[in-house]
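Q: I am sharing model33.cif, which consists of mmCIF, C-alpha atoms:
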data_final
#
loop_
_atom_site.label_atom_id
_atom_site.label_comp_id
_atom_site.auth_asym_id
_atom_site.auth_seq_id
_atom_site.Cartn_x
_atom_site.Cartn_y
_atom_site.Cartn_z
CA MET X 93 29.36 -84.10 -143.19
CA SER X 94 30.19 -81.44 -140.69
CA GLU X 95 27.77 -78.91 -139.40
CA PRO X 96 27.57 -75.63 -141.34
CA LEU X 97 29.00 -72.62 -139.57
CA LEU X 98 26.78 -70.04 -141.20
CA GLN X 99 23.60 -70.56 -143.17
CA ALA X 100 21.64 -68.10 -145.22
CA VAL X 101 17.98 -68.96 -145.69
CA ASN X 102 15.92 -67.21 -148.36
CA LEU X 103 17.77 -63.93 -148.23
CA HIS X 104 16.03 -61.17 -150.10
CA CYS X 105 17.30 -57.65 -150.45
CA GLU X 106 16.08 -54.65 -152.36
CA ARG X 107 17.86 -51.38 -152.71
CA ASP X 108 16.43 -48.28 -154.37
CA ASP X 109 13.56 -50.34 -155.86
CA ARG X 110 15.98 -52.79 -157.39
CA THR X 111 16.12 -56.42 -156.29
CA LEU X 112 19.72 -57.32 -155.52
CA PHE X 113 19.07 -60.93 -154.64
CA ARG X 114 16.06 -63.04 -153.79
CA ASP X 115 15.55 -66.51 -152.36
CA LEU X 116 19.25 -66.79 -151.82
CA SER X 117 20.12 -69.77 -149.65
CA PHE X 118 23.50 -71.31 -149.01
CA SER X 119 25.63 -72.85 -146.27
CA ILE X 120 29.15 -72.08 -145.24
CA LEU X 121 30.92 -75.20 -144.05
CA PRO X 122 34.12 -75.26 -142.03
CA GLY X 123 37.18 -75.53 -144.24
CA THR X 124 35.67 -73.98 -147.37
CA LEU X 125 36.21 -70.87 -149.39
CA THR X 126 33.16 -69.19 -150.88
CA ARG X 127 33.49 -66.59 -153.57
CA VAL X 128 30.68 -64.13 -154.20
CA GLU X 129 30.72 -63.10 -157.85
CA GLY X 130 28.92 -60.56 -159.94
CA PRO X 131 29.37 -57.32 -161.85
CA ASN X 132 29.71 -53.95 -160.13
CA GLY X 133 26.56 -52.96 -158.34
CA SER X 134 25.16 -56.47 -158.21
CA GLY X 135 25.04 -56.45 -154.42
CA LYS X 136 28.17 -58.33 -153.42
CA THR X 137 29.11 -55.89 -150.70
CA THR X 138 25.50 -55.70 -149.53
CA LEU X 139 25.38 -59.49 -149.23
CA LEU X 140 28.60 -59.53 -147.25
CA ARG X 141 27.34 -56.80 -144.96
CA VAL X 142 24.14 -58.77 -144.39
CA LEU X 143 26.19 -61.87 -143.56
CA ALA X 144 28.48 -59.89 -141.25
CA GLY X 145 25.46 -58.51 -139.39
CA LEU X 146 26.00 -54.88 -140.37
CA ASN X 147 22.96 -54.59 -142.60
CA ASP X 148 19.58 -55.53 -141.16
CA ASN X 149 17.56 -54.48 -144.17
CA ALA X 150 17.42 -57.90 -145.80
CA ASP X 151 14.56 -60.34 -145.40
CA GLY X 152 15.24 -63.96 -144.67
CA ARG X 153 17.27 -65.59 -141.96
CA VAL X 154 20.90 -66.03 -141.14
CA LEU X 155 21.73 -68.99 -138.93
CA TRP X 156 24.91 -69.32 -136.90
CA CYS X 157 25.78 -72.93 -136.00
CA GLY X 158 22.20 -73.93 -136.76
CA LYS X 159 20.58 -71.36 -134.49
CA ASP X 160 19.15 -67.97 -135.33
CA ARG X 161 21.93 -65.45 -135.21
CA SER X 162 20.17 -63.06 -132.85
CA VAL X 163 20.18 -65.84 -130.23
CA SER X 164 23.93 -66.38 -130.39
CA ARG X 165 25.02 -62.93 -131.43
CA GLU X 166 27.98 -62.71 -129.06
CA SER X 167 29.39 -66.02 -130.21
CA PHE X 168 28.86 -65.00 -133.84
CA LEU X 169 30.65 -61.68 -133.39
CA ARG X 170 33.55 -63.22 -131.51
CA ASN X 171 34.07 -65.87 -134.17
CA THR X 172 33.65 -63.77 -137.30
CA LEU X 173 36.20 -61.41 -138.78
CA TYR X 174 34.93 -58.86 -141.28
CA ILE X 175 37.19 -56.62 -143.31
CA GLY X 176 35.29 -54.24 -145.56
CA HIS X 177 36.12 -51.62 -148.17
CA ARG X 178 36.95 -49.23 -145.40
CA PRO X 179 39.06 -51.32 -143.08
CA GLY X 180 39.01 -49.10 -139.97
CA ILE X 181 42.52 -47.71 -140.18
CA LYS X 182 42.98 -44.40 -138.35
CA PRO X 183 45.20 -42.07 -140.40
CA MET X 184 46.82 -40.45 -137.38
CA LEU X 185 47.81 -43.70 -135.68
CA SER X 186 50.72 -45.93 -136.56
CA PRO X 187 50.17 -49.41 -138.04
CA LEU X 188 51.02 -50.98 -134.71
CA GLU X 189 48.58 -48.80 -132.78
CA ASN X 190 45.89 -49.46 -135.36
CA LEU X 191 46.42 -53.19 -135.17
CA LYS X 192 46.36 -53.08 -131.38
CA ALA X 193 43.06 -51.16 -131.38
CA LEU X 194 41.49 -53.51 -133.93
CA THR X 195 42.41 -56.68 -132.07
CA ALA X 196 41.61 -55.40 -128.57
CA GLY X 197 38.84 -57.37 -126.93
CA ARG X 198 38.99 -60.02 -129.65
CA VAL X 199 42.27 -61.84 -129.97
CA LYS X 200 44.69 -61.89 -127.08
CA CYS X 201 48.13 -61.44 -128.53
CA SER X 202 51.35 -59.84 -127.43
CA GLU X 203 52.89 -56.77 -128.99
CA ALA X 204 55.64 -58.99 -130.38
CA ALA X 205 53.03 -61.07 -132.20
CA LEU X 206 51.48 -57.92 -133.68
CA ARG X 207 54.89 -56.66 -134.81
CA GLN X 208 55.54 -60.01 -136.41
CA ALA X 209 52.20 -59.82 -138.21
CA LEU X 210 53.13 -56.40 -139.58
CA ASN X 211 56.49 -57.76 -140.70
CA GLY X 212 54.63 -60.62 -142.35
CA THR X 213 52.67 -58.17 -144.50
CA GLY X 214 55.82 -56.34 -145.54
CA LEU X 215 55.41 -53.38 -143.22
CA ALA X 216 58.65 -53.85 -141.32
CA GLY X 217 60.16 -50.45 -140.67
CA PHE X 218 56.81 -48.66 -141.00
CA GLU X 219 55.37 -49.72 -137.63
CA ASN X 220 55.69 -46.31 -136.05
CA LEU X 221 54.84 -44.03 -138.93
CA PRO X 222 51.34 -42.52 -138.95
CA CYS X 223 49.18 -44.41 -141.43
CA ARG X 224 48.28 -41.28 -143.41
CA ARG X 225 51.90 -41.27 -144.59
CA LEU X 226 51.57 -44.77 -146.02
CA SER X 227 50.37 -45.60 -149.54
CA ALA X 228 46.90 -46.99 -150.19
CA GLY X 229 48.32 -50.49 -150.63
CA GLN X 230 50.29 -50.25 -147.42
CA GLN X 231 47.22 -49.10 -145.51
CA ARG X 232 45.37 -52.10 -146.91
CA ARG X 233 48.21 -54.28 -145.68
CA VAL X 234 47.81 -52.93 -142.15
CA ALA X 235 44.22 -54.19 -142.20
CA LEU X 236 45.30 -57.50 -143.69
CA ALA X 237 47.88 -57.98 -140.93
CA ARG X 238 44.85 -58.82 -138.81
CA LEU X 239 44.50 -62.04 -140.76
CA LEU X 240 47.90 -63.20 -139.53
CA VAL X 241 46.87 -63.01 -135.88
CA ALA X 242 43.18 -63.84 -136.35
CA ASP X 243 41.77 -66.93 -134.65
CA GLU X 244 38.20 -66.44 -135.87
CA PRO X 245 36.92 -69.50 -137.77
CA LEU X 246 34.92 -67.38 -140.23
CA TRP X 247 36.42 -64.62 -142.30
CA ILE X 248 34.30 -62.29 -144.42
CA LEU X 249 36.56 -60.32 -146.72
CA ASP X 250 35.31 -57.67 -149.11
CA GLU X 251 37.59 -56.90 -152.09
CA ILE X 252 40.71 -57.81 -150.20
CA PHE X 253 43.01 -57.77 -153.23
CA THR X 254 42.34 -54.10 -153.98
CA ALA X 255 45.52 -51.99 -154.13
CA ILE X 256 47.76 -54.95 -153.24
CA ASP X 257 50.77 -55.63 -155.49
CA ALA X 258 51.39 -58.91 -157.35
CA GLN X 259 53.61 -60.41 -154.68
CA GLY X 260 51.18 -59.45 -151.97
CA VAL X 261 48.30 -61.02 -153.88
CA GLU X 262 50.24 -64.25 -154.17
CA ALA X 263 51.07 -64.32 -150.46
CA LEU X 264 47.46 -63.54 -149.61
CA GLU X 265 46.21 -66.37 -151.82
CA ARG X 266 48.56 -68.75 -150.09
CA LEU X 267 47.32 -67.54 -146.72
CA LEU X 268 43.68 -68.12 -147.72
CA VAL X 269 44.41 -71.63 -149.03
CA GLN X 270 46.36 -72.49 -145.89
CA ARG X 271 43.57 -71.14 -143.73
CA VAL X 272 40.96 -73.22 -145.53
CA GLY X 273 43.23 -76.25 -145.12
CA GLU X 274 43.27 -75.67 -141.37
CA GLY X 275 39.48 -75.73 -141.25
CA GLY X 276 38.70 -72.03 -141.45
CA SER X 277 35.83 -70.72 -143.55
CA ILE X 278 36.27 -67.75 -145.82
CA ILE X 279 33.78 -65.68 -147.80
CA VAL X 280 35.34 -63.29 -150.31
CA THR X 281 34.34 -60.95 -153.07
CA THR X 282 36.98 -60.09 -155.59
CA HIS X 283 37.36 -59.23 -159.25
CA HIS X 284 40.74 -60.87 -159.10
CA ASN X 285 40.94 -64.29 -160.70
CA LEU X 286 41.07 -66.33 -157.52
CA GLN X 287 41.37 -70.08 -157.94
CA VAL X 288 41.13 -72.31 -154.93
CA PRO X 289 40.33 -76.03 -155.19
CA GLY X 290 36.83 -76.86 -153.96
CA MET X 291 35.74 -73.25 -154.10
CA GLN X 292 32.03 -72.57 -153.69
CA ARG X 293 30.62 -69.83 -155.92
CA ILE X 294 27.66 -67.57 -155.35
CA SER X 295 26.76 -65.53 -158.41
CA LEU X 296 24.80 -62.34 -158.11
CA GLY X 297 23.37 -60.12 -160.80
CA GLU X 298 20.22 -60.22 -162.95
CA GLY X 299 17.97 -60.72 -159.99
CA GLY X 300 20.42 -62.86 -158.16
CA HIS X 301 20.45 -66.60 -157.90
CA GLU X 302 22.60 -69.31 -156.53
CA LEU X 303 24.78 -71.55 -158.69
CA MET S 88 27.84 -78.97 -150.89
CA SER S 89 28.08 -82.41 -149.40
CA SER S 90 31.73 -83.22 -149.98
CA ASP S 91 33.36 -85.43 -147.41
CA GLU S 92 36.67 -83.58 -147.34
CA SER S 93 35.08 -80.96 -145.15
CA GLU S 94 35.16 -83.08 -142.04
CA ALA S 95 36.81 -80.21 -140.23
CA LYS S 96 34.82 -79.00 -137.27
CA ALA S 97 35.13 -75.33 -136.57
CA ILE S 98 36.66 -74.46 -133.23
CA LEU S 99 34.56 -71.73 -131.72
CA HIS S 100 35.93 -69.31 -129.20
CA ALA S 101 33.83 -68.37 -126.24
CA PRO S 102 33.45 -64.60 -125.98
CA GLU S 103 35.38 -63.25 -123.03
CA SER S 104 33.29 -61.53 -120.43
CA SER S 105 34.38 -58.56 -118.37
CA SER S 106 38.11 -58.42 -119.10
CA GLY S 107 37.44 -58.33 -122.83
CA ALA S 108 34.91 -55.53 -122.44
CA LEU S 109 37.32 -53.45 -120.37
CA ALA S 110 40.15 -54.03 -122.85
CA ALA S 111 37.90 -53.00 -125.74
CA MET S 112 36.69 -49.86 -123.92
CA LYS S 113 40.24 -48.91 -123.08
CA ALA S 114 41.25 -49.40 -126.70
CA VAL S 115 38.42 -47.12 -127.88
CA VAL S 116 39.39 -44.35 -125.45
CA LEU S 117 43.09 -44.61 -126.23
CA ARG S 118 42.51 -44.59 -129.97
CA ASP S 119 40.34 -41.48 -129.79
CA LEU S 120 42.67 -39.60 -127.47
CA LYS S 121 45.77 -40.41 -129.51
CA SER S 122 44.09 -39.60 -132.81
CA SER S 123 42.90 -36.23 -131.51
CA PHE S 124 46.10 -35.19 -129.77
CA ARG S 125 47.93 -35.66 -133.03
CA GLN S 126 45.46 -33.30 -134.74
CA PRO S 127 45.36 -30.50 -132.18
CA GLN S 128 43.53 -28.03 -134.43
CA ASP S 129 40.34 -30.07 -134.03
CA LEU S 130 40.77 -29.90 -130.27
CA LEU S 131 41.27 -26.15 -130.23
CA ASN S 132 38.09 -25.32 -132.11
CA PRO S 133 35.52 -25.75 -129.29
CA VAL S 134 37.87 -24.20 -126.73
CA LEU S 135 38.49 -21.16 -128.89
CA PHE S 136 34.77 -20.78 -129.54
CA PHE S 137 34.06 -20.92 -125.83
CA VAL S 138 36.65 -18.29 -124.97
CA LEU S 139 35.62 -15.96 -127.80
CA VAL S 140 31.91 -16.01 -126.98
CA VAL S 141 32.58 -15.24 -123.32
CA MET S 142 35.03 -12.49 -124.26
CA LEU S 143 32.68 -10.83 -126.73
CA PHE S 144 29.75 -10.62 -124.32
CA PRO S 145 31.13 -7.77 -122.19
CA LEU S 146 32.08 -5.92 -125.39
CA GLY S 147 28.78 -6.47 -127.16
CA VAL S 148 26.29 -6.16 -124.32
CA SER S 149 27.63 -4.31 -121.33
CA PRO S 150 30.90 -4.23 -119.41
CA GLU S 151 29.10 -3.25 -116.19
CA VAL S 152 30.15 -5.34 -113.21
CA ALA S 153 26.62 -5.68 -111.86
CA PHE S 154 25.30 -6.99 -115.18
CA LEU S 155 28.17 -9.41 -115.75
CA GLN S 156 27.93 -10.77 -112.22
CA LYS S 157 24.28 -11.49 -112.79
CA ALA S 158 24.58 -12.93 -116.29
CA GLY S 159 28.08 -14.47 -116.09
CA GLY S 160 27.03 -17.97 -115.08
CA GLY S 161 24.45 -18.10 -117.87
CA ILE S 162 26.89 -16.79 -120.46
CA LEU S 163 29.48 -19.42 -119.61
CA TRP S 164 26.91 -22.19 -119.58
CA VAL S 165 25.43 -21.21 -122.95
CA ALA S 166 28.89 -20.85 -124.47
CA ALA S 167 29.93 -24.26 -123.17
CA LEU S 168 26.72 -25.84 -124.45
CA LEU S 169 27.14 -24.38 -127.93
CA SER S 170 30.78 -25.29 -128.17
CA VAL S 171 30.03 -28.92 -127.26
CA LEU S 172 27.23 -28.85 -129.82
CA LEU S 173 29.69 -27.65 -132.47
CA SER S 174 31.99 -30.60 -131.90
CA LEU S 175 29.28 -33.26 -131.94
CA ASP S 176 29.20 -33.86 -135.68
CA HIS S 177 32.77 -35.15 -135.51
CA LEU S 178 32.01 -37.61 -132.75
CA PHE S 179 31.22 -40.54 -135.06
CA ARG S 180 31.80 -38.98 -138.49
CA HIS S 181 35.49 -39.83 -138.90
CA ASP S 182 34.93 -43.35 -137.59
CA PHE S 183 32.05 -43.77 -140.00
CA ASP S 184 34.13 -42.63 -142.96
CA ASP S 185 37.17 -44.82 -142.29
CA GLY S 186 35.31 -47.98 -141.27
CA THR S 187 36.27 -47.92 -137.59
CA LEU S 188 32.61 -47.76 -136.69
CA GLU S 189 31.80 -50.96 -138.59
CA GLN S 190 34.53 -52.73 -136.65
CA MET S 191 33.20 -51.28 -133.40
CA VAL S 192 29.67 -52.55 -134.08
CA LEU S 193 31.12 -55.99 -134.85
CA GLN S 194 33.04 -56.20 -131.58
CA PRO S 195 31.82 -59.09 -129.44
CA GLN S 196 31.45 -56.69 -126.51
CA PRO S 197 28.13 -54.91 -125.91
CA LEU S 198 28.02 -51.88 -128.18
CA PHE S 199 26.65 -49.54 -125.51
CA LEU S 200 29.82 -49.98 -123.47
CA LEU S 201 31.95 -48.97 -126.44
CA VAL S 202 29.66 -46.01 -127.12
CA LEU S 203 30.00 -45.02 -123.45
CA ALA S 204 33.78 -45.18 -123.85
CA LYS S 205 33.57 -43.02 -126.94
CA SER S 206 31.35 -40.46 -125.20
CA MET S 207 33.79 -40.32 -122.31
CA ALA S 208 36.69 -39.76 -124.70
CA HIS S 209 34.67 -36.99 -126.34
CA TRP S 210 34.12 -35.38 -122.96
CA VAL S 211 37.82 -35.52 -122.09
CA LEU S 212 38.61 -33.86 -125.42
CA THR S 213 35.92 -31.14 -125.41
CA GLY S 214 34.08 -30.82 -122.07
CA LEU S 215 37.02 -31.13 -119.73
CA PRO S 216 39.12 -28.34 -121.33
CA LEU S 217 36.10 -26.04 -120.99
CA VAL S 218 35.75 -26.90 -117.31
CA LEU S 219 39.44 -26.21 -116.78
CA LEU S 220 39.19 -22.82 -118.49
CA THR S 221 36.07 -21.82 -116.59
CA PRO S 222 37.75 -20.35 -113.46
CA LEU S 223 39.74 -17.96 -115.63
CA LEU S 224 36.75 -16.82 -117.68
CA ALA S 225 34.58 -16.63 -114.57
CA VAL S 226 36.98 -14.12 -113.06
CA MET S 227 36.76 -12.15 -116.29
CA VAL S 228 33.00 -11.79 -115.90
CA HIS S 229 33.43 -10.76 -112.25
CA LEU S 230 31.92 -13.84 -110.62
CA GLU S 231 32.73 -14.21 -106.93
CA GLY S 232 34.73 -16.99 -105.33
CA ASN S 233 31.82 -19.10 -104.18
CA SER S 234 29.95 -18.78 -107.49
CA ILE S 235 33.08 -19.72 -109.45
CA GLY S 236 33.41 -22.93 -107.50
CA VAL S 237 29.77 -23.82 -107.99
CA LEU S 238 29.93 -22.92 -111.71
CA CYS S 239 32.91 -25.22 -112.21
CA LEU S 240 31.13 -27.98 -110.36
CA THR S 241 27.94 -27.63 -112.44
CA LEU S 242 29.96 -27.68 -115.65
CA LEU S 243 31.95 -30.66 -114.42
CA ILE S 244 28.70 -32.57 -113.90
CA GLY S 245 26.91 -31.01 -116.88
CA THR S 246 29.37 -31.33 -119.75
CA PRO S 247 29.50 -35.16 -119.66
CA VAL S 248 25.70 -35.08 -119.91
CA LEU S 249 26.04 -32.88 -123.00
CA SER S 250 28.44 -35.39 -124.59
CA LEU S 251 26.30 -38.39 -123.73
CA ILE S 252 23.02 -36.93 -124.99
CA GLY S 253 24.75 -35.40 -128.00
CA ALA S 254 26.04 -38.82 -128.99
CA ILE S 255 22.44 -39.94 -129.62
CA GLY S 256 21.90 -37.13 -132.12
CA ALA S 257 25.30 -37.64 -133.72
CA ALA S 258 24.56 -41.33 -134.19
CA LEU S 259 21.11 -40.71 -135.65
CA THR S 260 22.26 -38.13 -138.20
CA LEU S 261 25.31 -40.13 -139.27
CA GLY S 262 23.86 -41.25 -142.57
CA LEU S 263 23.02 -37.71 -143.67
CA ARG S 264 25.41 -35.64 -145.75
CA SER S 265 24.78 -32.33 -144.03
CA ALA S 266 23.75 -33.26 -140.56
CA GLY S 267 24.73 -30.08 -138.71
CA VAL S 268 21.43 -28.20 -138.68
CA LEU S 269 19.28 -31.23 -137.99
CA LEU S 270 21.61 -32.33 -135.23
CA SER S 271 21.35 -28.97 -133.49
CA LEU S 272 17.57 -28.84 -133.81
CA MET S 273 17.24 -32.33 -132.42
CA ILE S 274 19.64 -32.00 -129.53
CA ILE S 275 18.99 -28.47 -128.20
CA PRO S 276 15.61 -29.35 -126.62
CA LEU S 277 17.28 -32.24 -124.81
CA TYR S 278 19.95 -29.90 -123.49
CA ILE S 279 17.49 -27.41 -122.02
CA PRO S 280 16.84 -29.15 -118.66
CA ILE S 281 20.52 -29.45 -117.79
CA LEU S 282 21.08 -25.85 -118.88
CA ILE S 283 18.27 -24.58 -116.64
CA PHE S 284 19.54 -26.52 -113.67
CA GLY S 285 23.15 -25.52 -114.31
CA THR S 286 22.50 -21.80 -114.49
CA GLY S 287 19.89 -21.99 -111.72
CA THR S 288 22.44 -23.54 -109.38
CA VAL S 289 24.99 -20.80 -110.10
CA MET S 290 22.37 -18.09 -109.49
CA ALA S 291 21.33 -19.69 -106.23
CA ALA S 292 24.96 -19.81 -105.15
CA ALA S 293 25.37 -16.09 -105.98
CA LYS S 294 22.40 -15.29 -103.71
CA GLY S 295 23.95 -17.37 -100.98
CA SER S 296 21.28 -20.07 -100.88
CA PRO S 297 22.30 -23.71 -100.40
CA VAL S 298 22.88 -25.59 -103.66
CA THR S 299 23.45 -29.18 -102.57
CA GLY S 300 19.95 -30.18 -103.62
CA GLN S 301 20.36 -28.82 -107.13
CA LEU S 302 23.81 -30.35 -107.46
CA ALA S 303 22.43 -33.71 -106.37
CA LEU S 304 19.72 -33.41 -109.01
CA MET S 305 22.34 -32.65 -111.65
CA GLY S 306 24.27 -35.70 -110.48
CA ALA S 307 21.10 -37.71 -111.00
CA PHE S 308 20.93 -36.31 -114.55
CA LEU S 309 24.47 -37.52 -115.16
CA VAL S 310 23.78 -41.01 -113.83
CA LEU S 311 20.62 -41.21 -115.91
CA ALA S 312 22.45 -40.08 -119.03
CA MET S 313 25.31 -42.52 -118.44
CA THR S 314 22.99 -45.47 -118.06
CA LEU S 315 20.42 -44.72 -120.76
CA ALA S 316 22.01 -42.57 -123.47
CA PRO S 317 24.59 -45.17 -124.61
CA PHE S 318 21.77 -47.67 -125.30
CA ALA S 319 19.97 -45.15 -127.49
CA SER S 320 23.19 -44.17 -129.27
CA ALA S 321 24.10 -47.81 -129.88
CA ALA S 322 20.69 -48.51 -131.42
CA ALA S 323 20.96 -45.37 -133.56
CA LEU S 324 24.41 -46.40 -134.76
CA ARG S 325 23.14 -49.79 -135.89
CA ILE S 326 20.35 -48.13 -137.88
CA SER S 327 22.73 -45.62 -139.46
CA LEU S 328 25.18 -48.35 -140.46
CA SER S 329 22.44 -50.57 -141.84
CA ASN S 330 21.58 -47.89 -144.36
CA GLY S 331 25.16 -46.91 -145.04
#
Would you write the structure of this file as structure tokens?
A:
Amino acid sequence: MSEPLLQAVNLHCERDDRTLFRDLSFSILPGTLTRVEGPNGSGKTTLLRVLAGLNDNADGRVLWCGKDRSVSRESFLRNTLYIGHRPGIKPMLSPLENLKALTAGRVKCSEAALRQALNGTGLAGFENLPCRRLSAGQQRRVALARLLVADEPLWILDEIFTAIDAQGVEALERLLVQRVGEGGSIIVTTHHNLQVPGMQRISLGEGGHEL
Amino acid sequence: MSSDESEAKAILHAPESSSGALAAMKAVVLRDLKSSFRQPQDLLNPVLFFVLVVMLFPLGVSPEVAFLQKAGGGILWVAALLSVLLSLDHLFRHDFDDGTLEQMVLQPQPLFLLVLAKSMAHWVLTGLPLVLLTPLLAVMVHLEGNSIGVLCLTLLIGTPVLSLIGAIGAALTLGLRSAGVLLSLMIIPLYIPILIFGTGTVMAAAKGSPVTGQLALMGAFLVLAMTLAPFASAAALRISLSNG
């Protein structure tokens, strides 16, 4: 069995006097997809933000490659890709400029590669338009173009299927399956009926527990 | 999960050192400059405020040359300080709302470097235009040649300090819905030393005394702000995002 990439140990989080999850422990192995499930407000996004290192308000420990994350924070940040509800797209910049800014200092890739990634998400012809002129789905696609150039072994994706059309959803599913096949790890939340063989599920809600 | 199909070993990438940090800082500056230049009305606000305050002073208080010569340096400094203060709330707000800030915090590069880059971009967009306008406005309030030069120099050293210190307050009040008042109350006391030294230097120059000592002290302020303020801002950003 290979070594887990990310481990959560006894995570406990309360918000506004409500327990979102307690004693939550799980491991993320290379080459697996983990789906975090639960009704609205059950703490899926909070859990993902805790795992991504954005939210420090949870008790418990998060281990990266077996070591406490604070010890290997740089390595963790370099090797984790997080795309949240608000994907960091600047409305006044073009998709290409946005993608360039988001990948700077992370992935070294040429402008041609970035253009190709935008083409791959169906944004060919929109590269130079300011993003505020694009539709919500198209703006989402700009963020998702990052996945096509990403080399991070761990992806944390919050509600990635939001505002994406049927074809896009299909292509995205294929991408996730392919990525898992190549040994990448993915953590997602979605209300979309995602089916991937060997999928690990974490169910939140009613106090929160692991399945 | 103990399945044996997951034999795959993750390939970890080593974080790049200095070249990655420089590339990330450059990306932050470029993104801010481009975003702002395509929305020029946001850029004009502090500049317009600065010009209007300085213009209204002679009308509202006294158009006498002797008075303006004496008070001119102080008027310009106070106007510059307030106009930087006005623009501070926007420093991180847009990035917070569209998620850019989350991505910035998750960059493998040290956050204080990226915050430093952001503060510098803020200075280029607000402080620098004020410095460039200063000679014109200084003539309007009848300052003399030597004083104008010294005033420009003090503002050139002082406005980056305003941006850097202001970033701490902007980062701390990020989670609040109406941060404006609190931000001003928090930041003004921290601005007072640089204001006193700035106006003091201009007054000394008007009297003909040497000002190199005061300028050197202001330079020390700038170096101190550049090295310490980004750490405080970075820590404040993490706290604000944790609760967001």
Q: Report as CSV: every residue of chain X with an atom at most 7 Å from chain S, its closest pair of atoms, and their distance in Å to one decimal, counting only C-alpha atoms, with rows sorted by chain and ascending residue number.
A:
residue,atom,partner,partner_atom,distance
X:Met93,CA,S:Asp91,CA,6.0
X:Ser94,CA,S:Glu94,CA,5.4
X:Pro122,CA,S:Ala97,CA,5.6
X:Gly123,CA,S:Ser93,CA,5.9
X:Leu146,CA,S:Ser329,CA,5.8
X:Asn147,CA,S:Ser329,CA,4.1
X:Asp148,CA,S:Ser329,CA,5.8
X:Asn149,CA,S:Ser329,CA,6.7
X:Glu166,CA,S:Pro195,CA,5.3
X:Ser167,CA,S:Pro102,CA,6.0
X:Leu169,CA,S:Pro195,CA,4.9
X:Arg170,CA,S:Pro195,CA,4.9
X:Asn171,CA,S:His100,CA,6.3
X:Arg178,CA,S:Gly186,CA,4.6
X:Pro179,CA,S:Gly186,CA,5.3
X:Gly180,CA,S:Thr187,CA,3.8
X:Ile181,CA,S:Asp185,CA,6.4
X:Met184,CA,S:Ser122,CA,5.4
X:Leu185,CA,S:Ser122,CA,6.2
X:Ala193,CA,S:Ala114,CA,5.3
X:Ala196,CA,S:Ala111,CA,5.2
X:Gly197,CA,S:Gly107,CA,4.4
X:Pro245,CA,S:Ala97,CA,6.2
X:Gly275,CA,S:Ala95,CA,5.3
X:Gly276,CA,S:Ala97,CA,6.9
Q: Which residues fall under the PyMOL selection byres ((chain S and resi 151-155) around 12) in this file, as a list in words?
A: Val141, Met142, Leu143, Phe144, Pro145, Leu146, Gly147, Val148, Ser149, Pro150, Gln156, Lys157, Ala158, Gly159, Gly160, Gly161, Ile162, Leu163, Leu224, Ala225, Val226, Met227, Val228, His229, Leu230 and Glu231 of chain S
Q: Considering all atoms listed in the file, can you say which of S:Val138, S:Leu130, S:Leu251, S:Ser174 comes closest to Pro222 (chain S)?
A: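 Result for the nearest residue to Pro222 (chain S): S:Val138.
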Q: Using CA of Ile274 (chain S) and CA of Leu173 (chain S) as the two end points, give the distance in Å to one decimal.
A: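 These two atoms are separated by 11.3 Å.
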Q: Any idea what the distance is between CA of Glu219 (chain X) and CA of Arg207 (chain X)?
A: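 Straight-line distance from CA of Glu219 (chain X) to CA of Arg207 (chain X) works out to 7.5 Å.
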Q: What is the distance, in Å and to one decimal place, between CA of Ile279 (chain S) and CA of Gln128 (chain S)?
A: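 About the pair CA of Ile279 (chain S) and CA of Gln128 (chain S): they are 28.9 Å apart.
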Q: Take the PyMOL selection byres ((chain X and resi 254) around 10), run it mentally on this structure, and tell me the resulting residues as a PyMOL selection string.
A: chain X and resi 177+228-229+232+250-253+255-257+261+282-284
Q: Please determine, counting only C-alpha atoms, which residue among X:Val234, X:Leu240, X:Ile248, X:Val199 has the shortest atom-to-atom distance to Gly145 (chain X).
A: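 Of X:Val234, X:Leu240, X:Ile248, X:Val199, the one nearest Gly145 (chain X), counting only C-alpha atoms, is X:Ile248.
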Q: Given the file above and the PyMOL selection byres ((chain X and resi 161) around 12), which residues are selected, and can you give them as a list in words?
A: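 Selected by the PyMOL selection byres ((chain X and resi 161) around 12) here: Leu97, Leu98, Gln99, Ala100, Val101, Val142, Leu143, Ala144, Gly145, Asp148, Gly152, Arg153, Val154, Leu155, Trp156, Cys157, Gly158, Lys159, Asp160, Ser162, Val163, Ser164, Arg165, Glu166, Ser167, Phe168 and Leu169 of chain X.
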Q: For a cutoff of 12 Å around the file-coordinate point (23.6, -31.7, -136.0), which residues qualify once you count all atoms listed in the file? I'd like the result as number ranges by chain.
A: S: 169, 171-180, 253-275
Q: Take every atom of region 145-150 of chain X listed in the file, pad by 6 Å on each side, and give me the axis-aligned box centre and edge lengths in Å, one decimal, as AutoDock Vina command-line options.
A:
--center_x 21.7 --center_y -56.5 --center_z -142.6 --size_x 20.6 --size_y 16.0 --size_z 18.4
Q: Thr246 (chain S): which residues within 10 Å, counting all atoms listed in the file, same-chain residues fewer than 4 positions away excluded, as an MDAnalysis selection string?
A: chainID S and resid 164 167:168 171 210:211 213:215 217:218 241:242 250:252 281:282 309
